[in-house]
Amino acid sequence: MNASILTARHLSKVVSSAEGSLRILDDLSLELHKGDVLAIVGTSGSGKSTLLGLLAGLDLPTSGEVELAGHVLNRLDEDRRARVRAEHVGFVFQSFQLLDTLNALENVMLPLELEGRQDASAKAQALLERVGLAARLHHYPRQLSGGEQQRVALARAFAAEPKILFADEPTGNLDSNTGAHITELLFELNRERGTTLILVTHDERLAGRCQKLLRLEGGRQIEYRAAG
Amino acid sequence: MPFPRLVSLAIRQLLREARTGELKVLFCALLIAVAASTAIGYFGHRLNLTMQSHASEFLGADLVLNGSAPATQTQTNTGLDLGLAHAQVVEFSSVIATDEQIQLSSIKAVDSAYPLRGELRSSEALYGPEQPGSGPQPGEAWAEARLLAALDLKIGDTIEVGRQPLRLSRVLTYEPDRAGDLYSLTPRVLIHMDDLTATGVIQPGSRVRYRELWSGPGESLESYQKAIEPGLAANQSIETVKDENRQIGGALERAERYLNLASLAAILLAGVAVALSATRFANRRLDNSALLRCLGLSQRETLQLYTLQLGILGLLASFAGALLGWLAQQGLFFLLRNLLSSQVSETNLWPMLTGIATGMVALAGFALPPLAALGRVPPLRVLRRDILPVPLSSWLVYGAAIAALATIMWRLTLDLTITLALLGGGLLVSLALGSALLLGLQKLRKLLTNTSLPWRLGLGQLLRHPLSAAGQSLAFGLILLAMALVALLRTELLDTWRDQLPKNAPNYFALNVLPAELDAFKTRVAGITDFSAPLYPVIPGRLITINETPAHDLVAQGTQGDRATRRDLNLTWATELPSDNHLVVGQWWNEKEQSDLPGVSIEAELAENFGLKLGDKLTFNIGGTNLDARVSSFRQVNWNSFQPNFFMIFEPGALTGMPTTFLTSFHLAPGKEHDLIQLARDFPAVTLLQIDALLAQLRDILAQVSLAVEYVLLFVLAAGFAVLFAGLQATLDERIRQGALLRALGARRQILQRARGIEFALLGASSGILAALGCELISALLYRFIFDIHWHPHPWLLAMPVIGALLVGSAGILGTNKALKVSPLIVLREN
């Protein structure tokens, strides 16, 4: 068995609100290895996105800890967490999060440019061709359909060759047909590159295709399955 | 990330975003700010030069070195080495005699280069037409009409100046550098420098004034002044355009202040635009910066990236703006080429540089605070869009904006008190009016329930974010305020200046009226003129001590006070306070308590120069006798009135028994020169001084200032409108989304249009109220403390709410038209 790439130990998140403190995540642990695919499922408000944010180091837990690629995230300040993200992590979002002032090619080039890579343009172009957008390189987000935008986002996510990819409802804004295509593409790219994938979804069919499944309700884990 | 990579990334992002038109608004706002500042800077500079060159005429040069001995060879060589033009003048008093009569005259020997500025005018015959031209040739003398009248001379006669006989060849009508010296009592005779030695008048110990005239480019003059100042002998002093000549100085100073205030208004407006568009820039990048953070950029790097983008954009816009401003003023000067000086050096980059600096300071002050928020966007925002960055301390945000404003204001006014007063007052007004507005909006909420849909939509838009509505109203209010203030100042300042020069402003001074002739003279003058000032007694006397300390020990060298101790002052006494004077401190005779010594009222500025207090004891020497007096009041004097004015006015009776002559000024209508000749013949002792030329020049300057002021107003208006649209742009995103949503829900365009009209008209009306209130307050302060003119309420400002509603309403509908045109489908898909 290979070394774990992402470990969460007894994660809890408590936020204070007008009505007192609110526990939105309660004592959650998990461990993932290279190439694992985990689906986090649950109803709205069950704490899925909170968990994703904690695992990716976008936010810090109230208690417990997250270890990502050998770094214990709670012990790092935001800037050092940013460096860990730059090195190891990729994202795909429900609302695509493309920069609408940049065209498709420039959006994909962005993480490569942040790394200072000279071949940014060529590499981004190859990835866009891989996701079937060779004819759309110079289109702006608003000129692309939802499915096309998400394909640009996938290309961007894989551009920096992350070890772990976090996908937050990647098909949530798409119709089922387009969603299925995107899912296919996501799994294909994941297989090709051996990336660890963490997927937040409430699409049971999508969750069913994942090797591991974590079901949340009211911030607690109510099911954990590691099917083959 | 290494810095160069960050820079290259910033540039690439900027280029990409520029292509999409995203940064247009910010770029335009900065462009306007810098262009306005630069254009006004150049304009003011040129105007100043033109006016100074007019003012130089009154000195006959740009700089004069006065002395009771000739300038040293070194002093002269320094000027010549700097490439300055040079002329020499020697002045002294001498008696001109004919067989029957003698007349003490003021002789002025000039070389061929005289005058360096302005022109000398003369006529071939007594009261004949004036002709410009160079001075007398060797062997010739030119004399003023009153000398001819006094000695019954005619052109062609020979007079003797000292031992040198000279042929009287022309009547001297105008010397440029005489204007500042209206009170010189003796008639002028102009001779050539080459004849000076032959007169034999200049002997060791004789009272002679040497004037070295210099002119040339401003920098060389400054170098010259700096070079010779440390080595000035006790009997030497430097006179420049700004020192002397109160009439011109006053007009110049006010024009400069007005221009500075106007450019301040333009920059304030553009500052508001920069702030609005920078906030939009920052808000639209909240998502992007969260994403960049997810992609691994640190907080600092994110901040640096956007600061770099903004900085590069700012520099580009500033340079373009500076160029545009330069072009704009070139165009302006093409239009005004007949009126204004073209001698400004084309290479002067200073206004451009300060324009650029102004733009960058405005950008830093107004844009960095919203930008700072971008660095602190939590990366979690990519998952939850409702997360906003922790707001910066408001102290920091507003502190930066206020610091930027203060810097700009201070640069323009160069006066810390004014800056602090304006800034403090402005802040207080903004705070008070802002809270009043907020309260008003909340009251409106209650009225909302029973209104029709467009009203509810329009009002609802305002009430949904009352704070931002109050902010917008304040911003538009500032724009209207600035425009109203500039318009108001323009009219009233010009009117005030014009009022100071009424059509029948005195154009002649009469001096040396003897007590015995007083009544006869008064009657004669009343018969030939339509206006005359009262006749004031004049007693020449010198201020020697203040509270027993020698007066010249109490003043700094070269100041007005210093000059006042070095010559005889014209002392007078009066029962009534002169109509164009007003008391600043102390009491006039009728209210004053009895004291041991006679009272004296002193011109306020001179009093300040001497550091005088009420009750101080002054000692004057009058014709060899010492006279003590006690300071009983300080007066402000209107030097622009062309009526006799005095530094020292004594209590009636104080000067009884002293040798007295009388002085007055009057207006003589054109065509009555013959009456004047008769007057001069009948009262030979009276000296008549013509000041028509001085008045004409002053009018000319005022005409130019008026024109300039109108153009500057145009700039401010243009800036104001641009800002209005920039401000609307800032809210456009939300409006597009909201409009699309409403249309998707079935709202007709007409309803949306009306709702929008109502919203903006309300916003405009409230801005108008703010503007009217602010304008009254600020104008009252400005009039009182800066322009020194009388303030009265301006009822026309009541129209401001209507003007605001119309302006902001129509601009709002025009500026947000796009929100109604965009297809609802696209907008919803963007969501």
# chains A, B, ... in the order shown; residues from 1 in each chain; ligands from 1
>>> interface_residues(of="chain B", to="chain A", cutoff="7 Å", atoms="only C-alpha atoms", output="JSON, numbers by chain")
{"B": [5, 16, 17, 20, 288, 293, 294, 295, 296, 297, 298, 299, 379, 380, 383, 830]}
>>> write_last_selection(atoms="N, CA and C atoms", output="mmCIF file, in the first residue's frame")
data_model
loop_
_atom_site.group_PDB
_atom_site.id
_atom_site.type_symbol
_atom_site.label_atom_id
_atom_site.label_comp_id
_atom_site.auth_asym_id
_atom_site.auth_seq_id
_atom_site.Cartn_x
_atom_site.Cartn_y
_atom_site.Cartn_z
ATOM 1 N N ARG B 5 8.551 37.920 -12.675
ATOM 2 C CA ARG B 5 7.501 37.098 -13.255
ATOM 3 C C ARG B 5 6.135 37.715 -12.942
ATOM 4 N N ARG B 16 -4.563 41.763 -21.638
ATOM 5 C CA ARG B 16 -5.718 40.936 -21.975
ATOM 6 C C ARG B 16 -7.008 41.617 -21.558
ATOM 7 N N GLU B 17 -6.987 42.194 -20.354
ATOM 8 C CA GLU B 17 -8.207 42.831 -19.866
ATOM 9 C C GLU B 17 -8.518 44.110 -20.627
ATOM 10 N N THR B 20 -10.645 43.598 -23.571
ATOM 11 C CA THR B 20 -12.072 43.381 -23.362
ATOM 12 C C THR B 20 -12.774 44.672 -22.913
ATOM 13 N N ASN B 288 -11.954 36.675 -8.930
ATOM 14 C CA ASN B 288 -10.670 36.367 -9.555
ATOM 15 C C ASN B 288 -9.557 36.213 -8.532
ATOM 16 N N ARG B 293 -5.816 32.860 -5.435
ATOM 17 C CA ARG B 293 -5.354 32.320 -4.159
ATOM 18 C C ARG B 293 -5.460 30.811 -4.164
ATOM 19 N N CYS B 294 -6.572 30.274 -4.754
ATOM 20 C CA CYS B 294 -6.716 28.815 -4.867
ATOM 21 C C CYS B 294 -5.616 28.235 -5.716
ATOM 22 N N LEU B 295 -5.226 29.013 -6.740
ATOM 23 C CA LEU B 295 -4.184 28.529 -7.644
ATOM 24 C C LEU B 295 -2.816 28.673 -7.011
ATOM 25 N N GLY B 296 -2.759 29.198 -5.790
ATOM 26 C CA GLY B 296 -1.503 29.164 -5.065
ATOM 27 C C GLY B 296 -0.783 30.476 -4.928
ATOM 28 N N LEU B 297 -1.406 31.578 -5.358
ATOM 29 C CA LEU B 297 -0.769 32.871 -5.171
ATOM 30 C C LEU B 297 -0.954 33.292 -3.722
ATOM 31 N N SER B 298 0.109 33.814 -3.111
ATOM 32 C CA SER B 298 -0.031 34.224 -1.720
ATOM 33 C C SER B 298 -0.786 35.549 -1.645
ATOM 34 N N GLN B 299 -1.184 35.875 -0.427
ATOM 35 C CA GLN B 299 -1.907 37.127 -0.208
ATOM 36 C C GLN B 299 -1.117 38.332 -0.741
ATOM 37 N N PRO B 379 -9.652 32.561 0.194
ATOM 38 C CA PRO B 379 -9.774 31.669 -0.967
ATOM 39 C C PRO B 379 -11.069 30.858 -0.920
ATOM 40 N N LEU B 380 -11.643 30.718 0.254
ATOM 41 C CA LEU B 380 -12.862 29.921 0.385
ATOM 42 C C LEU B 380 -14.003 30.506 -0.436
ATOM 43 N N LEU B 383 -15.751 28.661 -3.148
ATOM 44 C CA LEU B 383 -16.816 27.701 -2.836
ATOM 45 C C LEU B 383 -18.078 28.404 -2.367
ATOM 46 N N GLU B 830 -25.067 34.062 -17.565
ATOM 47 C CA GLU B 830 -23.838 34.461 -16.873
ATOM 48 C C GLU B 830 -23.911 34.129 -15.395
#
>>> residues_around(residues="Ile24 in chain A", least_positions_apart="4", cutoff="6 Å", atoms="only C-alpha atoms", output="MDAnalysis selection string")
chainID A and resid 13:14 47 219
>>> select_by_dssp(residues="range 23-172 of chain A", states="strand (DSSP E or B)", output="number ranges by chain")
A: 23-33, 37-42, 63-68, 71-72, 89-92, 164-168
>>> write_last_selection(atoms="N, CA and C atoms", output="tab-separated table (two decimals), in the first residue's frame")
chain	number	residue	atom	x	y	z
A	23	ARG	N	-22.35	23.98	15.00
A	23	ARG	CA	-21.35	22.98	14.61
A	23	ARG	C	-21.69	22.51	13.20
A	24	ILE	N	-20.90	22.91	12.21
A	24	ILE	CA	-21.28	22.51	10.85
A	24	ILE	C	-20.50	21.29	10.36
A	25	LEU	N	-19.49	20.90	11.13
A	25	LEU	CA	-18.79	19.64	10.80
A	25	LEU	C	-18.35	19.03	12.12
A	26	ASP	N	-18.55	17.72	12.23
A	26	ASP	CA	-18.35	17.13	13.56
A	26	ASP	C	-17.48	15.88	13.50
A	27	ASP	N	-16.28	15.97	13.99
A	27	ASP	CA	-15.38	14.82	14.18
A	27	ASP	C	-15.29	13.92	12.97
A	28	LEU	N	-14.67	14.43	11.95
A	28	LEU	CA	-14.61	13.67	10.71
A	28	LEU	C	-13.18	13.26	10.38
A	29	SER	N	-12.98	11.99	10.04
A	29	SER	CA	-11.62	11.52	9.68
A	29	SER	C	-11.67	10.78	8.36
A	30	LEU	N	-10.61	10.87	7.59
A	30	LEU	CA	-10.50	10.07	6.38
A	30	LEU	C	-9.06	10.02	5.92
A	31	GLU	N	-8.77	9.06	5.02
A	31	GLU	CA	-7.40	8.94	4.51
A	31	GLU	C	-7.47	8.56	3.04
A	32	LEU	N	-6.70	9.27	2.20
A	32	LEU	CA	-6.71	8.97	0.77
A	32	LEU	C	-5.30	8.76	0.25
A	33	HIS	N	-5.20	7.85	-0.75
A	33	HIS	CA	-3.88	7.56	-1.35
A	33	HIS	C	-3.86	7.99	-2.79
A	37	VAL	N	-10.30	7.90	-5.65
A	37	VAL	CA	-11.38	8.78	-6.06
A	37	VAL	C	-12.45	8.73	-4.99
A	38	LEU	N	-12.69	9.87	-4.32
A	38	LEU	CA	-13.64	9.91	-3.22
A	38	LEU	C	-14.81	10.82	-3.59
A	39	ALA	N	-16.02	10.35	-3.36
A	39	ALA	CA	-17.20	11.20	-3.53
A	39	ALA	C	-17.69	11.60	-2.15
A	40	ILE	N	-17.92	12.90	-1.97
A	40	ILE	CA	-18.55	13.35	-0.73
A	40	ILE	C	-19.98	13.72	-1.09
A	41	VAL	N	-20.94	13.01	-0.52
A	41	VAL	CA	-22.34	13.26	-0.87
A	41	VAL	C	-23.11	13.69	0.38
A	42	GLY	N	-24.29	14.26	0.10
A	42	GLY	CA	-25.13	14.72	1.20
A	42	GLY	C	-26.09	15.77	0.68
A	63	SER	N	-11.18	22.24	15.19
A	63	SER	CA	-10.28	21.28	15.83
A	63	SER	C	-9.99	20.17	14.84
A	64	GLY	N	-8.98	19.37	15.12
A	64	GLY	CA	-8.54	18.33	14.22
A	64	GLY	C	-7.52	18.88	13.25
A	65	GLU	N	-7.00	17.96	12.38
A	65	GLU	CA	-6.00	18.47	11.44
A	65	GLU	C	-6.07	17.76	10.10
A	66	VAL	N	-5.51	18.48	9.10
A	66	VAL	CA	-5.48	17.96	7.74
A	66	VAL	C	-4.02	17.89	7.30
A	67	GLU	N	-3.64	16.72	6.76
A	67	GLU	CA	-2.28	16.60	6.24
A	67	GLU	C	-2.37	16.37	4.75
A	68	LEU	N	-1.80	17.29	3.98
A	68	LEU	CA	-1.90	17.20	2.53
A	68	LEU	C	-0.49	17.12	1.95
A	71	HIS	N	2.20	17.93	4.29
A	71	HIS	CA	2.14	19.19	5.04
A	71	HIS	C	0.92	19.19	5.94
A	72	VAL	N	1.15	19.45	7.25
A	72	VAL	CA	0.00	19.60	8.14
A	72	VAL	C	-0.53	21.02	7.97
A	89	VAL	N	-2.34	21.11	-5.67
A	89	VAL	CA	-3.80	21.03	-5.71
A	89	VAL	C	-4.39	21.67	-6.96
A	90	GLY	N	-5.45	21.03	-7.49
A	90	GLY	CA	-6.23	21.64	-8.57
A	90	GLY	C	-7.68	21.70	-8.17
A	91	PHE	N	-8.45	22.59	-8.82
A	91	PHE	CA	-9.85	22.76	-8.47
A	91	PHE	C	-10.75	22.75	-9.70
A	92	VAL	N	-11.96	22.21	-9.51
A	92	VAL	CA	-13.02	22.41	-10.50
A	92	VAL	C	-14.25	22.84	-9.69
A	164	ILE	N	-3.63	16.31	-6.29
A	164	ILE	CA	-5.01	16.14	-5.84
A	164	ILE	C	-5.90	17.12	-6.55
A	165	LEU	N	-7.04	16.64	-7.00
A	165	LEU	CA	-7.99	17.53	-7.65
A	165	LEU	C	-9.26	17.56	-6.82
A	166	PHE	N	-9.70	18.77	-6.45
A	166	PHE	CA	-10.95	18.93	-5.73
A	166	PHE	C	-12.00	19.41	-6.71
A	167	ALA	N	-13.14	18.71	-6.76
A	167	ALA	CA	-14.21	19.13	-7.68
A	167	ALA	C	-15.47	19.34	-6.86
A	168	ASP	N	-15.97	20.59	-6.92
A	168	ASP	CA	-17.14	20.95	-6.13
A	168	ASP	C	-18.35	20.98	-7.06
>>> residues_around(residues="Gln101 in chain B", least_positions_apart="3", cutoff="7 Å", atoms="only C-alpha atoms", output="VMD selection string")
chain B and resid 97 to 98 151
>>> write_last_selection(atoms="N, CA and C atoms", output="PDB file, in the first residue's frame")
ATOM      1  N   ALA B  97      14.865 125.951 -13.954  1.00  0.00           N
ATOM      2  CA  ALA B  97      14.570 127.371 -13.821  1.00  0.00           C
ATOM      3  C   ALA B  97      14.323 128.014 -15.170  1.00  0.00           C
ATOM      4  N   THR B  98      13.387 128.957 -15.238  1.00  0.00           N
ATOM      5  CA  THR B  98      13.275 129.861 -16.390  1.00  0.00           C
ATOM      6  C   THR B  98      13.587 131.246 -15.842  1.00  0.00           C
ATOM      7  N   LEU B 151       5.924 126.215 -15.750  1.00  0.00           N
ATOM      8  CA  LEU B 151       6.974 127.169 -16.105  1.00  0.00           C
ATOM      9  C   LEU B 151       6.654 127.916 -17.399  1.00  0.00           C
TER      10      LEU B 151
END
>>> residues_around(residues="Gln750 in chain B", least_positions_apart="4", cutoff="10 Å", atoms="only C-alpha atoms", output="PDB file with C-alpha atoms, in the first residue's frame")
ATOM      1  CA  PRO B 454     -42.108  52.184 -10.942  1.00  0.00           C
ATOM      2  CA  ARG B 754     -39.541  55.032 -15.412  1.00  0.00           C
ATOM      3  CA  ALA B 755     -38.310  53.299 -12.303  1.00  0.00           C
ATOM      4  CA  ARG B 756     -34.769  54.234 -13.295  1.00  0.00           C
ATOM      5  CA  LEU B 820     -32.229  47.636 -20.744  1.00  0.00           C
TER       6      LEU B 820
END
>>> residues_around(residues="Leu153 in chain B", least_positions_apart="6", cutoff="10 Å", atoms="only C-alpha atoms", output="PyMOL selection string")
chain B and resi 98+143+145-147+159+168
>>> residues_around(residues="Glu223 in chain A", least_positions_apart="6", cutoff="9 Å", atoms="only C-alpha atoms", output="list in words")
Leu213, Leu214, Arg215 and Leu216 of chain A
>>> select_by_dssp(residues="range 93-217 of chain B", states="alpha helix (DSSP H)", output="PyMOL selection string")
chain B and resi 145-151+196-199
>>> write_last_selection(atoms="N, CA and C atoms", output="short mmCIF file (atom, residue, chain, number, x, y, z; two decimals), in the first residue's frame")
data_model
loop_
_atom_site.label_atom_id
_atom_site.label_comp_id
_atom_site.auth_asym_id
_atom_site.auth_seq_id
_atom_site.Cartn_x
_atom_site.Cartn_y
_atom_site.Cartn_z
N ALA B 145 3.60 117.39 -18.87
CA ALA B 145 2.78 118.55 -19.19
C ALA B 145 2.76 119.57 -18.03
N ARG B 146 2.72 119.02 -16.82
CA ARG B 146 2.58 119.96 -15.71
C ARG B 146 3.81 120.85 -15.52
N LEU B 147 4.99 120.37 -15.97
CA LEU B 147 6.16 121.23 -15.90
C LEU B 147 6.02 122.36 -16.92
N LEU B 148 5.54 121.97 -18.10
CA LEU B 148 5.35 122.98 -19.14
C LEU B 148 4.35 124.02 -18.66
N ALA B 149 3.28 123.53 -18.00
CA ALA B 149 2.26 124.45 -17.50
C ALA B 149 2.84 125.34 -16.40
N ALA B 150 3.57 124.71 -15.51
CA ALA B 150 4.07 125.46 -14.36
C ALA B 150 5.06 126.54 -14.76
N LEU B 151 5.92 126.22 -15.75
CA LEU B 151 6.97 127.17 -16.11
C LEU B 151 6.65 127.92 -17.40
N LEU B 196 24.22 112.90 -18.44
CA LEU B 196 24.18 112.94 -16.97
C LEU B 196 25.40 113.62 -16.36
N THR B 197 26.58 113.17 -16.82
CA THR B 197 27.81 113.70 -16.22
C THR B 197 27.89 115.21 -16.43
N ALA B 198 27.50 115.63 -17.63
CA ALA B 198 27.62 117.04 -17.98
C ALA B 198 26.74 117.93 -17.11
N THR B 199 25.66 117.37 -16.53
CA THR B 199 24.81 118.20 -15.68
C THR B 199 25.54 118.63 -14.42
#
>>> closest_residue(among="A:Leu185, A:Leu154, A:Leu73, A:Ala180", to="Arg205 in chain A", atoms="only C-alpha atoms")
A:Ala180
>>> residues_around(residues="range 592-609 of chain B", least_positions_apart="4", cutoff="7 Å", atoms="only C-alpha atoms", output="ChimeraX atom specification")
/B:555,560-561,587-588,628-637,647-651,654
>>> closest_residue(among="B:Leu431, B:Ala125, B:Val89, B:Ala357", to="Arg211 in chain B", atoms="only C-alpha atoms")
B:Val89
